[in-house]
Amino acid sequence: MSAAGDNPLDWRCCPRCGGRWEAEPGAAGGRCAACGWRFTLYPGVGVAVILRDASGRVLLGRRAGGRRAGLWCIPCGRVEWGEDVRAAARREFAEETGLEVDLLGVYEVHSNFHDPDRLTVGIWFTGRIVGGELYLRDGELSELGWFDPAEPPPLAFPTDALVLERLASEGRGQ
């Protein structure tokens with residue numbers, strides 16, 4: 001990008017031609033006054049699969065690295081360019097847990113603002129196991145465990161807390 005940073009609102013020069021960059025108020029983007037090229041930041045898409053056991057507990061993973069290392073999350077990941085969201089959810093879940101799942105439906109959709117430099121939209125699917133074996137597969141998680149959604153361990157993401165709160169309230173018949 002530009003020496004001014006990755007946010008087009010901070011750019012001074014066009015990354016294509018070096019012309020004067022004009023930020024567009026109200027949007028995370030702008031345009032070049034010289035060549036007319038436009039660029040806008042859009043949120044990425046994250047996917048997660050909610051898997052419950054016969055007791056209603058939810059499978060969570062402890063994050064192995066990054067800023068949220070040691071905290072727990074519903075197994076999740078990002079949709080790759082050109083990838084279907086459902087295929088991404090199945091792929092990410094298998095990569096992190098070793099389990100193959102069928103998706104039963106969309107459970108929740110949230111905007112994730114916990115990382116202001118990398119905004120995402122998260123889609124949580126419900127799933128059921130159709131194959132594989134539970135094990136730590138790709139190294140992104142350091143531990144897997146089943147938890148009561150009403151009593152989760154310390155969570156990495158505030159939106160996972162919202163999903164677990166909903167699961168817990170449904171479990172109580174509310």
# chains A, B, ... in the order shown; residues from 1 in each chain; ligands from 1
>>> residues_around(residues="range 23-40 of chain A", least_positions_apart="2", cutoff="9 Å", atoms="only C-alpha atoms", output="PyMOL selection string")
chain A and resi 7-21+42
>>> select_by_dssp(residues="chain A", states="alpha helix (DSSP H)", output="CSV table (one decimal) with N, CA and C atoms, in the first residue's frame")
chain,number,residue,atom,x,y,z
A,85,VAL,N,-19.2,-19.6,1.5
A,85,VAL,CA,-19.1,-19.5,3.0
A,85,VAL,C,-19.4,-20.9,3.7
A,86,ARG,N,-20.2,-21.7,3.2
A,86,ARG,CA,-20.5,-23.0,3.8
A,86,ARG,C,-19.3,-23.9,3.6
A,87,ALA,N,-18.7,-23.9,2.5
A,87,ALA,CA,-17.5,-24.7,2.2
A,87,ALA,C,-16.4,-24.2,3.2
A,88,ALA,N,-16.3,-22.9,3.4
A,88,ALA,CA,-15.2,-22.4,4.3
A,88,ALA,C,-15.5,-22.8,5.7
A,89,ALA,N,-16.7,-22.8,6.1
A,89,ALA,CA,-17.1,-23.2,7.5
A,89,ALA,C,-16.7,-24.7,7.7
A,90,ARG,N,-17.0,-25.5,6.8
A,90,ARG,CA,-16.7,-27.0,6.9
A,90,ARG,C,-15.2,-27.1,6.9
A,91,ARG,N,-14.5,-26.4,6.0
A,91,ARG,CA,-13.0,-26.5,5.9
A,91,ARG,C,-12.3,-26.1,7.1
A,92,GLU,N,-12.7,-24.9,7.6
A,92,GLU,CA,-12.1,-24.3,8.8
A,92,GLU,C,-12.3,-25.2,10.0
A,93,PHE,N,-13.5,-25.8,10.2
A,93,PHE,CA,-13.8,-26.6,11.3
A,93,PHE,C,-13.0,-27.9,11.2
A,94,ALA,N,-12.9,-28.5,10.1
A,94,ALA,CA,-12.0,-29.7,9.9
A,94,ALA,C,-10.6,-29.4,10.2
A,95,GLU,N,-10.1,-28.3,9.7
A,95,GLU,CA,-8.7,-27.9,9.9
A,95,GLU,C,-8.3,-27.7,11.4
A,96,GLU,N,-9.3,-27.2,12.1
A,96,GLU,CA,-9.0,-27.0,13.6
A,96,GLU,C,-9.3,-28.1,14.5
A,97,THR,N,-10.3,-29.0,14.1
A,97,THR,CA,-10.8,-30.0,15.0
A,97,THR,C,-10.6,-31.4,14.6
A,158,PRO,N,-15.9,-11.2,21.7
A,158,PRO,CA,-17.2,-10.8,22.3
A,158,PRO,C,-18.4,-11.4,21.6
A,159,THR,N,-18.3,-11.6,20.3
A,159,THR,CA,-19.5,-12.1,19.5
A,159,THR,C,-19.7,-13.6,19.9
A,160,ASP,N,-18.6,-14.3,20.2
A,160,ASP,CA,-18.8,-15.7,20.6
A,160,ASP,C,-19.6,-15.7,21.9
A,161,ALA,N,-19.4,-14.7,22.8
A,161,ALA,CA,-20.1,-14.6,24.0
A,161,ALA,C,-21.6,-14.4,23.7
A,162,LEU,N,-22.0,-13.6,22.7
A,162,LEU,CA,-23.4,-13.4,22.4
A,162,LEU,C,-24.0,-14.7,21.9
A,163,VAL,N,-23.3,-15.4,21.1
A,163,VAL,CA,-23.8,-16.7,20.6
A,163,VAL,C,-24.0,-17.7,21.7
A,164,LEU,N,-23.0,-17.8,22.6
A,164,LEU,CA,-23.2,-18.7,23.7
A,164,LEU,C,-24.3,-18.3,24.7
A,165,GLU,N,-24.5,-17.0,24.9
A,165,GLU,CA,-25.6,-16.5,25.7
A,165,GLU,C,-26.9,-16.9,25.1
A,166,ARG,N,-27.1,-16.8,23.8
A,166,ARG,CA,-28.3,-17.2,23.1
A,166,ARG,C,-28.5,-18.7,23.3
A,167,LEU,N,-27.5,-19.5,23.1
A,167,LEU,CA,-27.6,-21.0,23.2
A,167,LEU,C,-28.0,-21.3,24.7
A,168,ALA,N,-27.4,-20.6,25.6
A,168,ALA,CA,-27.7,-20.9,27.0
A,168,ALA,C,-29.2,-20.5,27.3
A,169,SER,N,-29.6,-19.4,26.8
A,169,SER,CA,-31.0,-19.0,27.1
A,169,SER,C,-32.0,-19.9,26.5
A,170,GLU,N,-31.7,-20.5,25.3
A,170,GLU,CA,-32.6,-21.4,24.6
A,170,GLU,C,-32.6,-22.7,25.4
A,171,GLY,N,-31.4,-23.1,26.0
A,171,GLY,CA,-31.3,-24.3,26.8
A,171,GLY,C,-32.2,-24.2,28.1
>>> select_by_dssp(residues="range 37-89 of chain A", states="strand (DSSP E)", output="NGL selection string")
:A and (38-40 or 44-50 or 58-63 or 72-73 or 76-78)
>>> residues_around(residues="range 140-155 of chain A", least_positions_apart="2", cutoff="6 Å", atoms="only C-alpha atoms", output="VMD selection string")
chain A and resid 57 to 64 71 to 73 138 157 164 168
>>> closest_residue(among="A:Val49, A:Ala69, A:Val79, A:Ala156", to="Arg128 in chain A", atoms="only C-alpha atoms")
A:Val49
>>> residues_around(residues="range 129-134 of chain A", least_positions_apart="5", cutoff="7 Å", atoms="only C-alpha atoms", output="ChimeraX atom specification")
/A:97-102
>>> write_last_selection(atoms="N, CA and C atoms", output="PDB file, in the first residue's frame")
ATOM      1  N   THR A  97     -10.298 -28.957  14.105  1.00  0.00           N
ATOM      2  CA  THR A  97     -10.773 -29.990  15.038  1.00  0.00           C
ATOM      3  C   THR A  97     -10.588 -31.415  14.555  1.00  0.00           C
ATOM      4  N   GLY A  98     -10.298 -31.621  13.262  1.00  0.00           N
ATOM      5  CA  GLY A  98     -10.220 -32.962  12.700  1.00  0.00           C
ATOM      6  C   GLY A  98     -11.571 -33.560  12.365  1.00  0.00           C
ATOM      7  N   LEU A  99     -12.653 -32.852  12.670  1.00  0.00           N
ATOM      8  CA  LEU A  99     -14.004 -33.372  12.439  1.00  0.00           C
ATOM      9  C   LEU A  99     -14.607 -32.833  11.145  1.00  0.00           C
ATOM     10  N   GLU A 100     -15.305 -33.705  10.427  1.00  0.00           N
ATOM     11  CA  GLU A 100     -16.073 -33.300   9.255  1.00  0.00           C
ATOM     12  C   GLU A 100     -17.514 -33.089   9.708  1.00  0.00           C
ATOM     13  N   VAL A 101     -18.128 -32.016   9.245  1.00  0.00           N
ATOM     14  CA  VAL A 101     -19.489 -31.695   9.666  1.00  0.00           C
ATOM     15  C   VAL A 101     -20.387 -31.394   8.475  1.00  0.00           C
ATOM     16  N   ASP A 102     -21.662 -31.676   8.676  1.00  0.00           N
ATOM     17  CA  ASP A 102     -22.712 -31.153   7.808  1.00  0.00           C
ATOM     18  C   ASP A 102     -23.224 -29.903   8.500  1.00  0.00           C
TER      19      ASP A 102
END
>>> residues_around(residues="Glu108 in chain A", least_positions_apart="2", cutoff="8 Å", atoms="only C-alpha atoms", output="VMD selection string")
chain A and resid 106 110 123 to 125 163
>>> closest_residue(among="A:Glu80, A:Leu41, A:Leu103, A:Leu51", to="Leu119 in chain A", atoms="only C-alpha atoms")
A:Leu41
